Amino acid sequence: MKHAPLGYECPFCDIAAGLSGPNPNSAIVFADANLLAVIPLHYYGGIKGNCLVVPRIHYENALEIPDSLGNHFFSATRRLANAMLRALDCEGISTRQHNGPAGDQDVWHYHQHVIPRYYGDGLHAGHKGVYTTEERVELAARLRAELQ
Ligand SMILES: [Zn+2]
């Protein structure tokens with residue numbers, strides 16, 4: 001299942017290529033040899049503090065992800081979830097991941113959303129908002145400070 005257009009300029013590969021470790025002035029929450037976590041451009045349902053977990057190597061979707069990355073995704077998700085609980089005082093965490101246009105995928109590089117949740121937050125009925133750069137940097141710093 002491939003949907004990236006020919007010559008696709010991948011924004012997540014651009015981010016991965018520019019990494020030399022977490023930059024204290026960036027929206028990167030963490031990066032290691034396999035994955036990075038970043039505050040994305042958008043938030044959903046008015047809920048701020050969501051992250052994307054992204055493999056540093058380009059895979060288009062879940063059908064291409066090697067099994068060997070599975071533990072890295074679980075570990076990164078757990079670290080982020082715990083940091084969100086401490087930094088954002090959220091009451092729950094949701095993850096979601098989209099594959100193909102019918103699955104609402106719109107960036108053609110595998111990524112998993114990790115979203116802080118609150119009772120009655122209306123995530124699924126809410127609008128898509130755009131972060132300011134300052135918000136992204138500030139949220140990343142708050143989450144980075146709570147990573148263990
Ligand atoms: Zn890519």
# chains A, B, ... in the order shown; residues from 1 in each chain; ligands from 1
>>> closest_atom_pairs(of="chain A", to="ligand 1", cutoff="8 Å", atoms="only C-alpha atoms and all ligand atoms", output="JSON lines")
{"residue": "A:Glu9", "atom": "CA", "partner": "ligand 1", "partner_atom_place_in_ligand_line": "1 (Zn)", "distance": 7.8}
{"residue": "A:Cys10", "atom": "CA", "partner": "ligand 1", "partner_atom_place_in_ligand_line": "1 (Zn)", "distance": 4.5}
{"residue": "A:Pro11", "atom": "CA", "partner": "ligand 1", "partner_atom_place_in_ligand_line": "1 (Zn)", "distance": 6.5}
{"residue": "A:Phe12", "atom": "CA", "partner": "ligand 1", "partner_atom_place_in_ligand_line": "1 (Zn)", "distance": 4.9}
{"residue": "A:Cys13", "atom": "CA", "partner": "ligand 1", "partner_atom_place_in_ligand_line": "1 (Zn)", "distance": 4.0}
{"residue": "A:Asp14", "atom": "CA", "partner": "ligand 1", "partner_atom_place_in_ligand_line": "1 (Zn)", "distance": 7.4}
{"residue": "A:Arg56", "atom": "CA", "partner": "ligand 1", "partner_atom_place_in_ligand_line": "1 (Zn)", "distance": 7.8}
{"residue": "A:Ile57", "atom": "CA", "partner": "ligand 1", "partner_atom_place_in_ligand_line": "1 (Zn)", "distance": 6.8}
{"residue": "A:His58", "atom": "CA", "partner": "ligand 1", "partner_atom_place_in_ligand_line": "1 (Zn)", "distance": 4.1}
{"residue": "A:Tyr59", "atom": "CA", "partner": "ligand 1", "partner_atom_place_in_ligand_line": "1 (Zn)", "distance": 6.6}
{"residue": "A:Glu60", "atom": "CA", "partner": "ligand 1", "partner_atom_place_in_ligand_line": "1 (Zn)", "distance": 7.2}
{"residue": "A:Trp108", "atom": "CA", "partner": "ligand 1", "partner_atom_place_in_ligand_line": "1 (Zn)", "distance": 6.9}
{"residue": "A:His109", "atom": "CA", "partner": "ligand 1", "partner_atom_place_in_ligand_line": "1 (Zn)", "distance": 4.6}
{"residue": "A:Tyr110", "atom": "CA", "partner": "ligand 1", "partner_atom_place_in_ligand_line": "1 (Zn)", "distance": 7.8}
>>> select_by_dssp(residues="chain A", states="strand (DSSP E or B)", output="ChimeraX atom specification")
/A:28-31,35-38,42-44,47,51-55,92-96,112-117,128-130
>>> write_last_selection(atoms="C-alpha atoms", output="mmCIF file, in the first residue's frame")
data_model
loop_
_atom_site.group_PDB
_atom_site.id
_atom_site.type_symbol
_atom_site.label_atom_id
_atom_site.label_comp_id
_atom_site.auth_asym_id
_atom_site.auth_seq_id
_atom_site.Cartn_x
_atom_site.Cartn_y
_atom_site.Cartn_z
ATOM 1 C CA ILE A 28 11.707 17.795 19.646
ATOM 2 C CA VAL A 29 10.814 15.971 22.855
ATOM 3 C CA PHE A 30 13.397 13.236 22.416
ATOM 4 C CA ALA A 31 15.433 11.456 19.808
ATOM 5 C CA LEU A 35 12.871 7.207 16.834
ATOM 6 C CA LEU A 36 12.110 10.815 17.493
ATOM 7 C CA ALA A 37 9.187 12.411 19.313
ATOM 8 C CA VAL A 38 8.028 15.875 18.349
ATOM 9 C CA HIS A 42 -1.476 20.678 14.863
ATOM 10 C CA TYR A 43 -3.527 19.740 17.880
ATOM 11 C CA TYR A 44 -7.015 18.267 17.956
ATOM 12 C CA ILE A 47 -6.192 19.508 23.550
ATOM 13 C CA CYS A 51 3.160 14.267 20.312
ATOM 14 C CA LEU A 52 4.133 12.224 17.312
ATOM 15 C CA VAL A 53 6.468 9.235 17.595
ATOM 16 C CA VAL A 54 8.296 8.852 14.300
ATOM 17 C CA PRO A 55 10.888 6.323 13.105
ATOM 18 C CA GLY A 92 -5.751 9.590 30.330
ATOM 19 C CA ILE A 93 -3.742 9.008 27.168
ATOM 20 C CA SER A 94 -4.887 8.007 23.679
ATOM 21 C CA THR A 95 -2.773 6.789 20.797
ATOM 22 C CA ARG A 96 -3.784 6.651 17.177
ATOM 23 C CA GLN A 112 1.947 7.470 15.923
ATOM 24 C CA HIS A 113 -0.043 10.143 17.731
ATOM 25 C CA VAL A 114 0.144 10.203 21.533
ATOM 26 C CA ILE A 115 -2.554 12.451 22.948
ATOM 27 C CA PRO A 116 -3.211 13.621 26.513
ATOM 28 C CA ARG A 117 -6.864 13.129 27.477
ATOM 29 C CA LYS A 128 -7.906 20.781 14.214
ATOM 30 C CA GLY A 129 -5.935 23.733 15.571
ATOM 31 C CA VAL A 130 -2.513 25.116 14.666
#
>>> closest_residue(among="A:Asn61, A:Ser68, A:Ala16, A:Met1", to="A:Val107", atoms="only C-alpha atoms")
A:Asn61
>>> atom_distance(atom1="atom CA of A:Ser26", atom2="atom CA of A:Val137")
5.2 Å
>>> closest_residue(among="A:Ile65, A:Cys90, A:Leu147, A:Leu41", to="A:Tyr119", atoms="only C-alpha atoms")
A:Cys90
>>> select_by_dssp(residues="chain A", states="alpha helix (DSSP H)", output="PDB file with C-alpha atoms, in the first residue's frame")
ATOM      1  CA  PRO A  11       8.735  16.415   6.295  1.00  0.00           C
ATOM      2  CA  PHE A  12       9.630  13.761   8.883  1.00  0.00           C
ATOM      3  CA  CYS A  13      12.753  12.712   6.998  1.00  0.00           C
ATOM      4  CA  ASP A  14      13.707  16.402   6.966  1.00  0.00           C
ATOM      5  CA  ILE A  15      13.311  16.553  10.754  1.00  0.00           C
ATOM      6  CA  ALA A  16      15.276  13.312  11.245  1.00  0.00           C
ATOM      7  CA  ALA A  17      18.056  14.560   8.957  1.00  0.00           C
ATOM      8  CA  GLY A  70       7.931  -2.615  17.930  1.00  0.00           C
ATOM      9  CA  ASN A  71       9.554  -2.473  21.335  1.00  0.00           C
ATOM     10  CA  HIS A  72      10.968   0.956  20.589  1.00  0.00           C
ATOM     11  CA  PHE A  73       7.462   2.274  19.872  1.00  0.00           C
ATOM     12  CA  PHE A  74       6.011   0.802  23.064  1.00  0.00           C
ATOM     13  CA  SER A  75       8.883   2.170  25.117  1.00  0.00           C
ATOM     14  CA  ALA A  76       8.643   5.636  23.564  1.00  0.00           C
ATOM     15  CA  THR A  77       4.870   5.685  24.004  1.00  0.00           C
ATOM     16  CA  ARG A  78       5.151   4.713  27.669  1.00  0.00           C
ATOM     17  CA  ARG A  79       7.841   7.348  28.335  1.00  0.00           C
ATOM     18  CA  LEU A  80       5.729  10.031  26.659  1.00  0.00           C
ATOM     19  CA  ALA A  81       2.548   8.950  28.413  1.00  0.00           C
ATOM     20  CA  ASN A  82       4.237   9.147  31.821  1.00  0.00           C
ATOM     21  CA  ALA A  83       5.735  12.536  30.975  1.00  0.00           C
ATOM     22  CA  MET A  84       2.294  13.788  29.869  1.00  0.00           C
ATOM     23  CA  LEU A  85       0.688  12.650  33.120  1.00  0.00           C
ATOM     24  CA  ARG A  86       3.285  14.590  35.118  1.00  0.00           C
ATOM     25  CA  ALA A  87       3.703  17.654  32.894  1.00  0.00           C
ATOM     26  CA  LEU A  88       0.116  18.203  31.718  1.00  0.00           C
ATOM     27  CA  THR A 133       6.070  27.809  17.231  1.00  0.00           C
ATOM     28  CA  GLU A 134       6.419  29.171  20.768  1.00  0.00           C
ATOM     29  CA  GLU A 135       3.711  26.802  22.039  1.00  0.00           C
ATOM     30  CA  ARG A 136       5.419  23.810  20.419  1.00  0.00           C
ATOM     31  CA  VAL A 137       8.810  24.688  21.914  1.00  0.00           C
ATOM     32  CA  GLU A 138       7.312  25.353  25.345  1.00  0.00           C
ATOM     33  CA  LEU A 139       5.319  22.092  25.385  1.00  0.00           C
ATOM     34  CA  ALA A 140       8.350  20.094  24.241  1.00  0.00           C
ATOM     35  CA  ALA A 141      10.415  21.583  27.060  1.00  0.00           C
ATOM     36  CA  ARG A 142       7.719  20.725  29.623  1.00  0.00           C
ATOM     37  CA  LEU A 143       7.546  17.125  28.413  1.00  0.00           C
ATOM     38  CA  ARG A 144      11.336  16.795  28.143  1.00  0.00           C
ATOM     39  CA  ALA A 145      11.662  17.915  31.761  1.00  0.00           C
TER      40      ALA A 145
END
>>> atom_distance(atom1="atom CA of A:Gly46", atom2="atom CA of A:Ala125")
10.2 Å
>>> closest_residue(among="A:Ala33, A:Ala27, A:Gly103, A:His3", to="A:Asn50", atoms="only C-alpha atoms")
A:Ala27
>>> atom_distance(atom1="atom CA of A:Pro66", atom2="atom CA of A:Gln105")
19.0 Å
